[in-house]
Amino acid sequence: MTDAIFPQVRIVSTRLLRPDTVENLLNRLVQVGGIRRMSLNGPGIPATVPYGPARGQPNPHPDRRAIRVGDQDVQLQVQVGTIILELEDESYIPAIEEAVDAVFAGKGFSCIVQQGRYMKTQPSISDYARYGPDADRDLLGLADPRRKDGLVIIQGTK
Amino acid sequence: MKVNKTMAYKPQYGPGTSKVAENRRKQMDPSQKLEKMRDVTDEDVVLILGHRAPGAAYPTAHPPLAEQQEPDCPIRKIVTPTEGAKAGDRVRYIQFTDSMFFAPCHPYQRTYTECYRFRGIDPGTLSGRQIVECRERDLEKYSKELITTELLDPARTGIRGATVHGHSLRLAENGMMFDMLQRSVLSEDGVVRYIKNQIGEPLDRAVAIGKPMDEKWLKDHTTIFHSLGGSAYRDDAEYIEYVQRIHTLRTKYGFLPKED
């Protein structure tokens with residue numbers, strides 16, 4: 001769960017992004033710093049065909065791959081369309097906007113940075129029913145806390 | 001099928017004064033020829049459909065009609081069977097997903113168009129996909145028409161038998177509609193190629209279905225109203241009037257509706 005004192009921003013592009021664009025953007029964001037938590041959202045790319053006559057067969061997809069962000073490999077499982085950030089304070093927002101503009105200049109489509117509240121601040125009844133009382137509160141509202149692969153921690157410069 | 005020429009009623013196909021309405025009427029009207037946009041071979045169609053191996057015989061669901069006793073039925077005397085029905089083919093399908101970003105066709109439109117243009121079909125219309133079922137050899141003939149004409153854009157239309165998700169999502173950076181199974185890819189030469197069949201099984205060879213159409217062509221040929229960047233539904237007063245009339249009449253239905 002997030003603490004309501006931390007500002008949040010959402011980066012939304014008008015197109016779904018390729019992994020190399022995401023890699024470029026995230027590395028610039030990591031250099032800006034001040035990011036407490038980050039979530040990559042978008043339509044999922046399954047490892048196997050989920051339904052139909054070919055169900056269970058492997059689903060080779062070039063966009064489902066690992067990207068290098070900071071000093072960590074991040075395995076993409078979605079085609080990224082939205083990036084949600086929780087920041088330490090609002091002073092980082094102009095630098096984030098600059099980084100986004102630099103990445104999307106000349107791409108032929110736009111990308112906006114919005115400020116608002118995009119992460120849950122307390123668990124819902126459905127979260128309790130689904131994940132129980134001991135669910136990892138760092139993940140609730142961002143991803144499924146039962147997933148085994150967990151978080152990727154990218155070390156900052158602090 | 002013969003149409004009674006003495007019929008006083010002339011089909012209008014749909015209301016509306018906008019370009020979108022005009023495109024819809026053009027697609028539905030069987031007397032208008034659909035523009036041919038690309039070439040695909042019969043073998044290409046068979047590969048994309050994935051129902052049988054190219055060159056294989058058509059499996060049958062029943063013996064050919066000529067070899068079996070038909071019951072004495074007046075309807076069977078009126079209706080000529082299609083080639084597939086005559087041969088006793090299995091019933092198979094093709095399913096399309098059309099992006100909301102100015103795809104040339106969309107599920108309801110596909111169903112109307114197919115019902116006016118093709119025989120012996122069973123279309124199924126859903127919000128994000130449209131499936132049409134018919135006898136296998138008829139299906140291949142109809143599919144070829146659906147793929148080669150202006151009803152399909154290689155980037156904004158997907159031939160997807162399963163896992164159709166993508167019609168209402170943002171497009172990918174290269175302009176392709178999202179497909180979690182990535183059945184079709186935009187190659188570096190600008191041509192879209194199917195590398196998997198419609199249910200997501202890899203193909204032995206890629207099937208090229210041509211280059212994506214440009215934004216101007218799509219906006220000129222789309223049958224989808226879109227208030228952002230296209231023609232807005234509310235701007236077509238005739239369409240609104242017609243839909244409101246139908247809505248009013250069907251709401252009042254059962255209470256002896258009478259028009260004022």
# chains A, B, ... in the order shown; residues from 1 in each chain; ligands from 1
>>> interface_residues(of="chain A", to="chain B", cutoff="8 Å", atoms="only C-alpha atoms", output="number ranges by chain")
A: 14-18, 43-46, 49-54, 57, 59-61
>>> write_last_selection(atoms="C-alpha atoms", output="short mmCIF file (atom, residue, chain, number, x, y, z; two decimals), in the first residue's frame")
data_model
loop_
_atom_site.label_atom_id
_atom_site.label_comp_id
_atom_site.auth_asym_id
_atom_site.auth_seq_id
_atom_site.Cartn_x
_atom_site.Cartn_y
_atom_site.Cartn_z
CA THR A 14 -0.79 7.05 -27.33
CA ARG A 15 0.78 3.84 -28.63
CA LEU A 16 1.79 0.62 -26.89
CA LEU A 17 5.56 0.62 -26.52
CA ARG A 18 8.28 -1.65 -27.86
CA PRO A 43 -2.06 -5.94 -22.04
CA GLY A 44 -0.45 -9.23 -21.04
CA ILE A 45 1.66 -11.36 -23.35
CA PRO A 46 1.26 -14.96 -22.15
CA VAL A 49 -1.44 -19.87 -25.73
CA PRO A 50 -4.20 -19.37 -23.13
CA TYR A 51 -7.31 -20.51 -24.99
CA GLY A 52 -8.53 -22.15 -28.17
CA PRO A 53 -7.49 -25.34 -29.92
CA ALA A 54 -3.78 -24.45 -29.53
CA GLN A 57 1.41 -24.49 -26.81
CA ASN A 59 3.78 -18.56 -27.54
CA PRO A 60 7.04 -17.13 -28.90
CA HIS A 61 6.65 -13.34 -28.86
#
>>> atom_distance(atom1="CA of Pro212 in chain B", atom2="CA of Gly42 in chain A")
24.0 Å
>>> atom_distance(atom1="CA of Thr113 in chain B", atom2="CA of Asp138 in chain B")
15.9 Å
>>> residues_around(residues="range 70-78 of chain A", least_positions_apart="4", cutoff="8 Å", atoms="only C-alpha atoms", output="number ranges by chain")
A: 19, 27, 30, 40-46, 63-66, 152-155
>>> write_last_selection(atoms="C-alpha atoms", output="tab-separated table (two decimals), in the first residue's frame")
chain	number	residue	atom	x	y	z
A	19	PRO	CA	10.63	-3.14	-25.25
A	27	ASN	CA	16.86	4.09	-17.77
A	30	VAL	CA	16.15	5.79	-13.05
A	40	LEU	CA	4.47	-1.26	-15.76
A	41	ASN	CA	0.94	-1.76	-17.07
A	42	GLY	CA	-0.42	-2.97	-20.36
A	43	PRO	CA	-2.06	-5.94	-22.04
A	44	GLY	CA	-0.45	-9.23	-21.04
A	45	ILE	CA	1.66	-11.36	-23.35
A	46	PRO	CA	1.26	-14.96	-22.15
A	63	ASP	CA	8.13	-8.37	-27.06
A	64	ARG	CA	8.08	-10.73	-24.11
A	65	ARG	CA	11.73	-10.40	-23.18
A	66	ALA	CA	14.05	-9.10	-20.49
A	152	VAL	CA	12.60	-6.16	-8.99
A	153	ILE	CA	14.63	-3.83	-6.82
A	154	ILE	CA	16.69	-1.27	-8.71
A	155	GLN	CA	19.30	0.34	-6.51
>>> residues_around(residues="Glu35 in chain B", least_positions_apart="3", cutoff="10 Å", atoms="only C-alpha atoms", output="PyMOL selection string")
chain B and resi 27+32+38+148-151
>>> write_last_selection(atoms="N, CA and C atoms", output="PDB file, in the first residue's frame")
ATOM      1  N   GLN B  27     -20.510  -1.461 -48.725  1.00  0.00           N
ATOM      2  CA  GLN B  27     -20.086  -2.828 -48.393  1.00  0.00           C
ATOM      3  C   GLN B  27     -21.270  -3.788 -48.394  1.00  0.00           C
ATOM      4  N   GLN B  32     -22.717  -3.643 -55.685  1.00  0.00           N
ATOM      5  CA  GLN B  32     -21.476  -2.870 -55.782  1.00  0.00           C
ATOM      6  C   GLN B  32     -20.294  -3.808 -55.584  1.00  0.00           C
ATOM      7  N   ARG B  38      -5.413  -6.570 -52.703  1.00  0.00           N
ATOM      8  CA  ARG B  38      -4.205  -7.383 -52.593  1.00  0.00           C
ATOM      9  C   ARG B  38      -4.473  -8.769 -53.159  1.00  0.00           C
ATOM     10  N   THR B 148      -8.930 -10.341 -49.528  1.00  0.00           N
ATOM     11  CA  THR B 148      -8.327  -9.600 -50.642  1.00  0.00           C
ATOM     12  C   THR B 148      -9.005  -8.263 -50.930  1.00  0.00           C
ATOM     13  N   THR B 149     -10.200  -8.050 -50.419  1.00  0.00           N
ATOM     14  CA  THR B 149     -10.907  -6.809 -50.768  1.00  0.00           C
ATOM     15  C   THR B 149     -10.687  -5.738 -49.708  1.00  0.00           C
ATOM     16  N   GLU B 150     -11.388  -4.626 -49.903  1.00  0.00           N
ATOM     17  CA  GLU B 150     -11.243  -3.484 -48.999  1.00  0.00           C
ATOM     18  C   GLU B 150     -11.831  -3.725 -47.612  1.00  0.00           C
ATOM     19  N   LEU B 151     -12.347  -4.929 -47.343  1.00  0.00           N
ATOM     20  CA  LEU B 151     -12.886  -5.206 -46.012  1.00  0.00           C
ATOM     21  C   LEU B 151     -11.777  -5.442 -44.995  1.00  0.00           C
TER      22      LEU B 151
END
>>> select_by_dssp(residues="chain A", states="strand (DSSP E)", output="MDAnalysis selection string")
chainID A and resid 8:13 35:41 66:69 72:75 82:87 111:116
>>> write_last_selection(atoms="C-alpha atoms", output="compact mmCIF listing (two decimals), in the first residue's frame")
# COMPACT_ATOMS: atom_id res chain seq x y z
CA GLN A 8 2.25 9.75 -7.90
CA VAL A 9 2.55 10.22 -11.63
CA ARG A 10 1.38 8.19 -14.59
CA ILE A 11 3.12 8.15 -17.95
CA VAL A 12 0.70 7.36 -20.78
CA SER A 13 1.66 7.12 -24.44
CA ILE A 35 11.24 6.96 -7.52
CA ARG A 36 9.97 4.82 -4.66
CA ARG A 37 7.90 2.35 -6.62
CA MET A 38 7.10 1.76 -10.25
CA SER A 39 4.57 -0.41 -12.05
CA LEU A 40 4.47 -1.26 -15.76
CA ASN A 41 0.94 -1.76 -17.07
CA ALA A 66 14.05 -9.10 -20.49
CA ILE A 67 15.19 -5.49 -20.55
CA ARG A 68 18.08 -3.99 -18.62
CA VAL A 69 17.05 -1.20 -16.27
CA GLN A 72 18.82 -5.18 -13.02
CA ASP A 73 17.19 -7.34 -15.66
CA VAL A 74 13.42 -6.87 -15.80
CA GLN A 75 11.36 -9.57 -17.48
CA THR A 82 1.25 2.92 -18.95
CA ILE A 83 3.92 3.45 -16.32
CA ILE A 84 2.85 4.38 -12.78
CA LEU A 85 5.42 5.94 -10.47
CA GLU A 86 5.38 6.76 -6.78
CA LEU A 87 7.82 9.57 -6.05
CA CYS A 111 3.14 10.74 -24.42
CA ILE A 112 1.81 12.60 -21.40
CA VAL A 113 2.75 12.71 -17.73
CA GLN A 114 -0.24 13.00 -15.39
CA GLN A 115 -0.21 13.60 -11.66
CA GLY A 116 -2.87 11.97 -9.52
>>> atom_distance(atom1="CA of Lys19 in chain B", atom2="CA of Tyr233 in chain B")
10.9 Å
>>> select_by_dssp(residues="chain A", states="alpha helix (DSSP H)", output="ChimeraX atom specification")
/A:19-32,93-104,125-131
>>> write_last_selection(atoms="C-alpha atoms", output="PDB file, in the first residue's frame")
ATOM      1  CA  PRO A  19      10.631  -3.135 -25.254  1.00  0.00           C
ATOM      2  CA  ASP A  20      13.607  -1.052 -26.433  1.00  0.00           C
ATOM      3  CA  THR A  21      11.607   2.176 -26.032  1.00  0.00           C
ATOM      4  CA  VAL A  22      10.604   1.057 -22.524  1.00  0.00           C
ATOM      5  CA  GLU A  23      14.228   0.251 -21.724  1.00  0.00           C
ATOM      6  CA  ASN A  24      15.359   3.662 -22.930  1.00  0.00           C
ATOM      7  CA  LEU A  25      12.619   5.463 -21.000  1.00  0.00           C
ATOM      8  CA  LEU A  26      13.102   3.547 -17.751  1.00  0.00           C
ATOM      9  CA  ASN A  27      16.858   4.087 -17.771  1.00  0.00           C
ATOM     10  CA  ARG A  28      16.302   7.824 -18.097  1.00  0.00           C
ATOM     11  CA  LEU A  29      13.760   7.722 -15.261  1.00  0.00           C
ATOM     12  CA  VAL A  30      16.146   5.786 -13.054  1.00  0.00           C
ATOM     13  CA  GLN A  31      18.791   8.458 -13.671  1.00  0.00           C
ATOM     14  CA  VAL A  32      16.310  11.153 -12.595  1.00  0.00           C
ATOM     15  CA  ILE A  93       8.209  15.743 -11.753  1.00  0.00           C
ATOM     16  CA  PRO A  94       9.743  18.375 -14.115  1.00  0.00           C
ATOM     17  CA  ALA A  95      12.818  16.177 -14.646  1.00  0.00           C
ATOM     18  CA  ILE A  96      10.546  13.189 -15.393  1.00  0.00           C
ATOM     19  CA  GLU A  97       8.630  15.256 -17.955  1.00  0.00           C
ATOM     20  CA  GLU A  98      11.911  16.240 -19.601  1.00  0.00           C
ATOM     21  CA  ALA A  99      13.047  12.618 -19.744  1.00  0.00           C
ATOM     22  CA  VAL A 100       9.727  11.566 -21.317  1.00  0.00           C
ATOM     23  CA  ASP A 101       9.889  14.376 -23.882  1.00  0.00           C
ATOM     24  CA  ALA A 102      13.450  13.388 -24.803  1.00  0.00           C
ATOM     25  CA  VAL A 103      12.476   9.763 -25.419  1.00  0.00           C
ATOM     26  CA  PHE A 104       9.326  10.530 -27.431  1.00  0.00           C
ATOM     27  CA  ILE A 125     -12.658  -6.305   0.693  1.00  0.00           C
ATOM     28  CA  SER A 126     -11.900  -8.107  -2.573  1.00  0.00           C
ATOM     29  CA  ASP A 127      -8.177  -8.005  -1.805  1.00  0.00           C
ATOM     30  CA  TYR A 128      -8.901  -9.531   1.603  1.00  0.00           C
ATOM     31  CA  ALA A 129     -11.108 -12.228   0.102  1.00  0.00           C
ATOM     32  CA  ARG A 130      -8.623 -13.041  -2.639  1.00  0.00           C
ATOM     33  CA  TYR A 131      -5.277 -12.784  -0.903  1.00  0.00           C
TER      34      TYR A 131
END
>>> residues_around(residues="Arg147 in chain A", least_positions_apart="5", cutoff="12 Å", atoms="only C-alpha atoms", output="list of chain:residue names")
A:Tyr131, A:Ala135, A:Asp136, A:Leu139, A:Leu140, A:Leu142
>>> closest_residue(among="B:Met37, B:Cys105, B:Leu126, B:Leu65", to="Ala21 in chain B", atoms="only C-alpha atoms")
B:Cys105
